[in-house]
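K.L.:
Here it is: the structure, laid out below.
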Amino acid sequence: MDKIRLALIFGGRSSEHDVSCVSAATVAKALDPEKYEITFIGITKEGHWYLVEDFDKIADRRWETEEKNPVRAIISPDTDHKLIIKRDSAYEVRELDVAFPVLHGLYGEDGTIQGLFEMANLPYVGCGHLSSAVTMDKFFTKIIADSVGVAQAKYVGVRAYETEDDKIEATVAKVEAEREYPMFVKPSCAGSSMGITKAHNRDELISGLKLAAQHDTKILVEECINGREIECAAFGYGDNTIAAGVGEVVAAAEFYDFDAKYNNSDSLTVVDPDIPQEKKQEIMDTAVKIYRACDGYGLSRVDFFLENETNRVVFNEINAIPGHTAISMYPMLMEHAGYSMNSYVDELIQMAFDRK
């Protein structure tokens with residue numbers, strides 16, 4: 001039987017570039033070389049697409065720091081499923097069967113590259129272009145969550161231009177009229193908690209808004225939910241969607257920001273935490289509900305708070321391409337539910353063909 005010709009794509013222009021490289025190396029190890037002929041495509045922070053021919057250079061990013069004359073590799077938007085490879089002045093054309101984006105954040109998880117795959121009529125793993133776009137944009141995810149009656153933190157929307165020096169006082173007054181301190185300030189479309197701050201007073205709110213404006217043109221200012229941080233793995237599509245267990249994040253900081261996630265060894269991810277079974281079921285049911293409402297396909301991680309005192313389940317956000325690093329919750333939850341990474345990666349690729 002012929003091997004499936006798969007393009008594994010990683011890196012990207014977002015602030016989560018480095019995490020994507022680690023995730024891609026992890027996913028690549030789960031791909032059976034007897035089954036797949038893998039082409040590795042790395043996208044630099046500047047947006048250049050390179051053919052990566054040494055797997056060992058992916059996770060630590062040596063593919064973009066050591067190559068003196070990198071080989072360009074571009075997926076054609078033409079519907080003939082071609083990868084165009086340029087070696088100096090010579091061109092090579094390689095056929096593809098499926099794309100597997102392991103990209104986090106902007107230009108990878110937000111529907112843009114999914115649109116390219118759809119233009120090229122190329123099957124691809126994960127959520128579609130619309131689902132990717134709305135789940136990447138926390139503002140629009142909240143609108144969808146409201147429409148299906150999912151409880152979530154109350155919020156105020158702010159535009160980046162409203163953080164300019166001549167407008168910031170009016171903006172702060174608007175926010176303070178609707179929310180109480182402390183409050184979270186989030187870029188609408190950033191991932192891995194990049195650009196997120198917790199404001200305890202007016203000065204911190206101003207600095208938080210200005211930081212968030214560096215990451216996105218839309219900003220959310222949310223009420224602070226005091227509770228346990230819970231994550232759930234959604235897998236499948238439509239009526240076939242399952243929620244593969246519940247995990248808890250124990251942050252080694254006031255909240256689970258980028259540094260607490262990736263640089264602080266005291267942060268913990270706990271699979272099957274001590275939560276009443278009925279609450280676990282409610283979290284899983286709500287995860288499937290919001291995943292389906294956002295037209296999820298393949299996989300997503302759905303995040304919640306379990307509020308202190310009330311035990312209320314509060315939806316936080318959904319991530320269409322969850323991390324696959326050594327500390328990432330999604331593969332841990334899938335493994336605990338009986339899905340090895342080798343098996344569910346195979347299923348994700350089959351889903352790509354099923355959708356096509």
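Each chain in the structure tokens gets a letter, A, B and so on, in the order shown; residues start at 1 in every chain, and ligands are counted from 1 in the order they appear.
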I want to know what sits within 9 Å of Ser328 in chain A, based on only C-alpha atoms, with residues of the same chain fewer than 4 positions away left out; could you give that as a ChimeraX atom specification?
P.N.:
/A:23,261,269,322-324,332
K.L.:
For the residues selected in the previous step, produce a file with N, CA, C and O atoms as a PDB file, in the first residue's frame.
P.N.:
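Output (again_34.pdb):
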ATOM      1  N   SER A  23       5.699  21.286  19.730  1.00  0.00           N
ATOM      2  CA  SER A  23       4.492  20.486  19.481  1.00  0.00           C
ATOM      3  C   SER A  23       4.653  19.642  18.224  1.00  0.00           C
ATOM      4  O   SER A  23       4.286  18.458  18.194  1.00  0.00           O
ATOM      5  N   LYS A 261       3.245  28.678  32.309  1.00  0.00           N
ATOM      6  CA  LYS A 261       3.014  27.482  31.502  1.00  0.00           C
ATOM      7  C   LYS A 261       4.314  26.801  31.109  1.00  0.00           C
ATOM      8  O   LYS A 261       4.454  25.580  31.236  1.00  0.00           O
ATOM      9  N   THR A 269       0.055  20.044  35.801  1.00  0.00           N
ATOM     10  CA  THR A 269      -1.158  19.635  35.098  1.00  0.00           C
ATOM     11  C   THR A 269      -1.591  18.302  35.705  1.00  0.00           C
ATOM     12  O   THR A 269      -0.820  17.340  35.739  1.00  0.00           O
ATOM     13  N   PRO A 322      -4.555  22.596  20.075  1.00  0.00           N
ATOM     14  CA  PRO A 322      -3.941  22.581  21.410  1.00  0.00           C
ATOM     15  C   PRO A 322      -2.486  22.136  21.352  1.00  0.00           C
ATOM     16  O   PRO A 322      -2.072  21.393  20.460  1.00  0.00           O
ATOM     17  N   GLY A 323      -1.712  22.595  22.334  1.00  0.00           N
ATOM     18  CA  GLY A 323      -0.304  22.249  22.398  1.00  0.00           C
ATOM     19  C   GLY A 323      -0.068  20.762  22.585  1.00  0.00           C
ATOM     20  O   GLY A 323      -0.887  20.044  23.158  1.00  0.00           O
ATOM     21  N   HIS A 324       1.084  20.321  22.074  1.00  0.00           N
ATOM     22  CA  HIS A 324       1.507  18.932  22.244  1.00  0.00           C
ATOM     23  C   HIS A 324       2.947  18.882  22.752  1.00  0.00           C
ATOM     24  O   HIS A 324       3.763  18.101  22.268  1.00  0.00           O
ATOM     25  N   MET A 332      -2.278  14.384  27.336  1.00  0.00           N
ATOM     26  CA  MET A 332      -2.405  13.671  28.608  1.00  0.00           C
ATOM     27  C   MET A 332      -3.831  13.170  28.816  1.00  0.00           C
ATOM     28  O   MET A 332      -4.060  12.032  29.236  1.00  0.00           O
TER      29      MET A 332
END
K.L.:
Env of Arg72 in chain A: 6 Å cut, atoms = only C-alpha atoms, seq-sep filter 6 positions within chain, self excluded. Answer as a PyMOL selection string.
P.N.:
chain A and resi 49-51+85-86
K.L.:
Can you spit out the residues from that selection as a PDB file, in the first residue's frame, using all heavy atoms?
P.N.:
ATOM      1  N   TRP A  49       8.590  30.269   4.253  1.00  0.00           N
ATOM      2  CA  TRP A  49       8.322  28.834   4.302  1.00  0.00           C
ATOM      3  C   TRP A  49       9.560  28.062   3.860  1.00  0.00           C
ATOM      4  O   TRP A  49      10.059  28.258   2.753  1.00  0.00           O
ATOM      5  CB  TRP A  49       7.153  28.475   3.377  1.00  0.00           C
ATOM      6  CG  TRP A  49       5.819  28.986   3.804  1.00  0.00           C
ATOM      7  CD1 TRP A  49       5.503  30.213   4.289  1.00  0.00           C
ATOM      8  CD2 TRP A  49       4.590  28.261   3.752  1.00  0.00           C
ATOM      9  NE1 TRP A  49       4.161  30.304   4.555  1.00  0.00           N
ATOM     10  CE2 TRP A  49       3.571  29.116   4.223  1.00  0.00           C
ATOM     11  CE3 TRP A  49       4.248  26.961   3.344  1.00  0.00           C
ATOM     12  CZ2 TRP A  49       2.238  28.721   4.311  1.00  0.00           C
ATOM     13  CZ3 TRP A  49       2.918  26.569   3.419  1.00  0.00           C
ATOM     14  CH2 TRP A  49       1.932  27.439   3.905  1.00  0.00           C
ATOM     15  N   TYR A  50      10.047  27.155   4.735  1.00  0.00           N
ATOM     16  CA  TYR A  50      11.251  26.387   4.442  1.00  0.00           C
ATOM     17  C   TYR A  50      10.984  24.886   4.531  1.00  0.00           C
ATOM     18  O   TYR A  50      10.213  24.420   5.383  1.00  0.00           O
ATOM     19  CB  TYR A  50      12.371  26.723   5.433  1.00  0.00           C
ATOM     20  CG  TYR A  50      12.912  28.130   5.332  1.00  0.00           C
ATOM     21  CD1 TYR A  50      13.451  28.757   6.451  1.00  0.00           C
ATOM     22  CD2 TYR A  50      12.897  28.835   4.128  1.00  0.00           C
ATOM     23  CE1 TYR A  50      13.963  30.049   6.372  1.00  0.00           C
ATOM     24  CE2 TYR A  50      13.399  30.125   4.039  1.00  0.00           C
ATOM     25  CZ  TYR A  50      13.936  30.730   5.167  1.00  0.00           C
ATOM     26  OH  TYR A  50      14.429  32.005   5.093  1.00  0.00           O
ATOM     27  N   LEU A  51      11.640  24.144   3.639  1.00  0.00           N
ATOM     28  CA  LEU A  51      11.653  22.693   3.728  1.00  0.00           C
ATOM     29  C   LEU A  51      12.664  22.309   4.808  1.00  0.00           C
ATOM     30  O   LEU A  51      13.818  22.731   4.766  1.00  0.00           O
ATOM     31  CB  LEU A  51      12.068  22.095   2.382  1.00  0.00           C
ATOM     32  CG  LEU A  51      12.107  20.567   2.293  1.00  0.00           C
ATOM     33  CD1 LEU A  51      10.694  19.992   2.350  1.00  0.00           C
ATOM     34  CD2 LEU A  51      12.817  20.127   1.013  1.00  0.00           C
ATOM     35  N   ILE A  85       8.994  23.303  -4.346  1.00  0.00           N
ATOM     36  CA  ILE A  85      10.259  23.380  -3.612  1.00  0.00           C
ATOM     37  C   ILE A  85      11.309  24.041  -4.496  1.00  0.00           C
ATOM     38  O   ILE A  85      11.514  23.628  -5.647  1.00  0.00           O
ATOM     39  CB  ILE A  85      10.722  21.974  -3.190  1.00  0.00           C
ATOM     40  CG1 ILE A  85       9.672  21.328  -2.266  1.00  0.00           C
ATOM     41  CG2 ILE A  85      12.081  22.034  -2.490  1.00  0.00           C
ATOM     42  CD1 ILE A  85       9.904  19.858  -2.012  1.00  0.00           C
ATOM     43  N   LYS A  86      11.977  25.067  -3.986  1.00  0.00           N
ATOM     44  CA  LYS A  86      13.004  25.774  -4.747  1.00  0.00           C
ATOM     45  C   LYS A  86      14.374  25.554  -4.126  1.00  0.00           C
ATOM     46  O   LYS A  86      14.628  25.964  -2.992  1.00  0.00           O
ATOM     47  CB  LYS A  86      12.704  27.265  -4.801  1.00  0.00           C
ATOM     48  CG  LYS A  86      13.716  28.045  -5.640  1.00  0.00           C
ATOM     49  CD  LYS A  86      13.455  29.538  -5.621  1.00  0.00           C
ATOM     50  CE  LYS A  86      14.522  30.259  -6.458  1.00  0.00           C
ATOM     51  NZ  LYS A  86      14.368  31.723  -6.388  1.00  0.00           N
TER      52      LYS A  86
END
K.L.:
Can you work out which one of A:Phe304, A:Phe184, A:Tyr36, A:Tyr291 has the shortest atom-to-atom distance to Val246 in chain A, counting only C-alpha atoms?
P.N.:
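Among the listed residues, A:Phe304 lies closest to Val246 in chain A.
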K.L.:
For the atom pair CA of Arg13 in chain A and CA of Leu220 in chain A, what is the interatomic distance in Å to one decimal place?
P.N.:
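Distance reported for this atom pair: 22.3 Å.
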K.L.:
Counting only C-alpha atoms, what is within 6 Å of Ile219 in chain A, bar same-chain residues fewer than 6 positions away, as a PDB file with N, CA and C atoms, in the first residue's frame?
P.N.:
ATOM      1  N   GLY A 157     -15.677  44.939  25.864  1.00  0.00           N
ATOM      2  CA  GLY A 157     -14.806  44.965  24.695  1.00  0.00           C
ATOM      3  C   GLY A 157     -14.157  46.332  24.518  1.00  0.00           C
ATOM      4  N   VAL A 158     -12.877  46.319  24.169  1.00  0.00           N
ATOM      5  CA  VAL A 158     -12.121  47.556  23.933  1.00  0.00           C
ATOM      6  C   VAL A 158     -11.371  47.400  22.619  1.00  0.00           C
ATOM      7  N   ARG A 159     -11.311  48.470  21.825  1.00  0.00           N
ATOM      8  CA  ARG A 159     -10.512  48.474  20.601  1.00  0.00           C
ATOM      9  C   ARG A 159      -9.136  49.074  20.887  1.00  0.00           C
ATOM     10  N   LYS A 186      -7.208  40.937  28.215  1.00  0.00           N
ATOM     11  CA  LYS A 186      -6.750  39.920  27.260  1.00  0.00           C
ATOM     12  C   LYS A 186      -6.824  40.432  25.825  1.00  0.00           C
ATOM     13  N   PRO A 187      -5.770  40.218  25.030  1.00  0.00           N
ATOM     14  CA  PRO A 187      -5.926  40.392  23.585  1.00  0.00           C
ATOM     15  C   PRO A 187      -6.951  39.371  23.092  1.00  0.00           C
ATOM     16  N   SER A 188      -7.814  39.778  22.178  1.00  0.00           N
ATOM     17  CA  SER A 188      -8.868  38.877  21.738  1.00  0.00           C
ATOM     18  C   SER A 188      -8.324  37.655  21.019  1.00  0.00           C
TER      19      SER A 188
END
K.L.:
Please identify which residues in range 93-333 of chain A DSSP calls alpha helix (DSSP H) from the backbone, and express them as an MDAnalysis selection string.
P.N.:
chainID A and resid 112:119 129:136 138:147 168:178 202:213 258:262 277:293 329:333
K.L.:
Store the residues picked out above in a file with C-alpha atoms, as a compact mmCIF listing (two decimals), in the first residue's frame.
P.N.:
# COMPACT_ATOMS: atom_id res chain seq x y z
CA THR A 112 -5.91 31.79 7.48
CA ILE A 113 -3.87 28.73 6.56
CA GLN A 114 -7.05 26.63 6.66
CA GLY A 115 -8.39 28.90 3.91
CA LEU A 116 -5.28 28.15 1.84
CA PHE A 117 -5.86 24.41 2.22
CA GLU A 118 -9.48 24.83 1.17
CA MET A 119 -8.48 26.88 -1.88
CA HIS A 129 -11.48 28.07 8.45
CA LEU A 130 -14.61 29.56 10.07
CA SER A 131 -14.40 27.47 13.23
CA SER A 132 -10.69 28.27 13.56
CA ALA A 133 -11.34 31.99 13.13
CA VAL A 134 -14.13 32.27 15.69
CA THR A 135 -12.41 30.11 18.32
CA MET A 136 -9.17 32.08 17.93
CA LYS A 138 -12.19 35.25 22.11
CA PHE A 139 -14.63 38.12 21.51
CA PHE A 140 -16.61 36.15 18.91
CA THR A 141 -16.34 32.93 20.90
CA LYS A 142 -18.10 34.74 23.73
CA ILE A 143 -20.92 35.77 21.41
CA ILE A 144 -21.40 32.14 20.39
CA ALA A 145 -21.24 30.95 24.00
CA ASP A 146 -23.92 33.49 24.93
CA SER A 147 -26.11 32.26 22.07
CA ILE A 168 -7.18 56.04 27.49
CA GLU A 169 -8.85 57.96 30.35
CA ALA A 170 -12.29 57.69 28.75
CA THR A 171 -11.69 54.01 28.02
CA VAL A 172 -10.68 53.28 31.61
CA ALA A 173 -13.76 55.13 32.87
CA LYS A 174 -15.96 53.00 30.59
CA VAL A 175 -14.39 49.77 31.86
CA GLU A 176 -14.53 50.79 35.52
CA ALA A 177 -18.22 51.61 35.14
CA GLU A 178 -18.94 48.00 34.19
CA ARG A 202 -6.28 51.80 37.48
CA ASP A 203 -2.55 51.96 36.76
CA GLU A 204 -2.40 48.22 36.10
CA LEU A 205 -5.49 48.45 33.91
CA ILE A 206 -3.88 51.15 31.77
CA SER A 207 -0.61 49.23 31.39
CA GLY A 208 -2.55 46.02 30.70
CA LEU A 209 -4.66 47.64 27.98
CA LYS A 210 -1.57 49.06 26.31
CA LEU A 211 0.19 45.70 26.42
CA ALA A 212 -2.84 43.89 25.00
CA ALA A 213 -3.03 46.47 22.20
CA PHE A 258 3.01 32.14 29.40
CA ASP A 259 5.86 32.05 31.91
CA ALA A 260 3.89 29.87 34.34
CA LYS A 261 3.01 27.48 31.50
CA TYR A 262 6.39 26.98 29.91
CA GLN A 277 -18.29 13.19 39.18
CA GLU A 278 -21.41 15.20 38.38
CA LYS A 279 -19.26 18.31 37.93
CA LYS A 280 -16.86 16.44 35.65
CA GLN A 281 -19.81 15.34 33.55
CA GLU A 282 -21.17 18.89 33.42
CA ILE A 283 -17.78 20.18 32.26
CA MET A 284 -17.53 17.51 29.55
CA ASP A 285 -21.11 18.09 28.38
CA THR A 286 -20.51 21.85 28.21
CA ALA A 287 -17.23 21.32 26.34
CA VAL A 288 -19.02 19.31 23.66
CA LYS A 289 -21.81 21.90 23.52
CA ILE A 290 -19.50 24.86 22.90
CA TYR A 291 -17.25 22.83 20.55
CA ARG A 292 -20.20 21.88 18.39
CA ALA A 293 -21.66 25.40 18.52
CA MET A 329 -2.89 18.80 28.81
CA TYR A 330 -4.57 17.62 25.60
CA PRO A 331 -2.39 14.55 24.90
CA MET A 332 -2.40 13.67 28.61
CA LEU A 333 -6.21 13.66 28.70
K.L.:
Run DSSP on the backbone and give me the residues of range 31-256 of chain A it puts in strand (DSSP E), as a count of residues only.
P.N.:
72
K.L.:
Please provide the set of residues having any atom within 9 Å of Glu53 in chain A, restricted to only C-alpha atoms, with same-chain residues fewer than 6 positions apart removed, written as a list in words.
P.N.:
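After dropping sequence-adjacent residues, the list is Thr39, Phe40, Ile41 and Trp63 of chain A.
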K.L.:
Convert the current residue selection to file output with N, CA and C atoms, as a PDB file, in the first residue's frame.
P.N.:
ATOM      1  N   THR A  39       6.636  15.336   4.887  1.00  0.00           N
ATOM      2  CA  THR A  39       7.409  16.506   4.486  1.00  0.00           C
ATOM      3  C   THR A  39       7.245  17.550   5.581  1.00  0.00           C
ATOM      4  N   PHE A  40       8.361  18.002   6.137  1.00  0.00           N
ATOM      5  CA  PHE A  40       8.325  18.990   7.212  1.00  0.00           C
ATOM      6  C   PHE A  40       8.483  20.387   6.625  1.00  0.00           C
ATOM      7  N   ILE A  41       7.533  21.258   6.943  1.00  0.00           N
ATOM      8  CA  ILE A  41       7.574  22.642   6.469  1.00  0.00           C
ATOM      9  C   ILE A  41       7.583  23.569   7.677  1.00  0.00           C
ATOM     10  N   TRP A  63      16.541  24.494  12.719  1.00  0.00           N
ATOM     11  CA  TRP A  63      16.195  24.527  11.299  1.00  0.00           C
ATOM     12  C   TRP A  63      16.204  25.944  10.739  1.00  0.00           C
TER      13      TRP A  63
END
K.L.:
Within 10 Å of Gly126 in chain A, counting only C-alpha atoms, which residues show up once you throw out same-chain ones fewer than 5 positions away? Write them as number ranges by chain, please.
P.N.:
A: 99-102, 109, 114, 131-132, 235-237, 296-300, 320-321, 348-349, 351-352
K.L.:
Keeping only C-alpha atoms, write the selected residues to a file as a CSV table (one decimal), in the first residue's frame.
P.N.:
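That gives us result02.csv:
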chain,number,residue,atom,x,y,z
A,99,ALA,CA,-1.8,18.7,5.5
A,100,PHE,CA,-1.3,18.6,9.2
A,101,PRO,CA,-0.9,22.1,10.7
A,102,VAL,CA,0.7,22.2,14.1
A,109,GLU,CA,-4.9,28.7,14.3
A,114,GLN,CA,-7.0,26.6,6.7
A,131,SER,CA,-14.4,27.5,13.2
A,132,SER,CA,-10.7,28.3,13.6
A,235,PHE,CA,-12.3,15.1,19.9
A,236,GLY,CA,-14.3,14.3,16.7
A,237,TYR,CA,-17.1,16.2,14.9
A,296,GLY,CA,-15.4,22.2,15.9
A,297,TYR,CA,-13.8,19.5,13.8
A,298,GLY,CA,-11.1,17.0,14.8
A,299,LEU,CA,-9.8,18.4,18.0
A,300,SER,CA,-9.9,21.3,20.4
A,320,ALA,CA,-8.5,24.8,18.0
A,321,ILE,CA,-4.9,23.5,17.8
A,348,LEU,CA,-7.4,12.9,13.0
A,349,ILE,CA,-5.8,12.3,9.6
A,351,MET,CA,-11.2,12.7,9.7
A,352,ALA,CA,-9.4,15.0,7.3
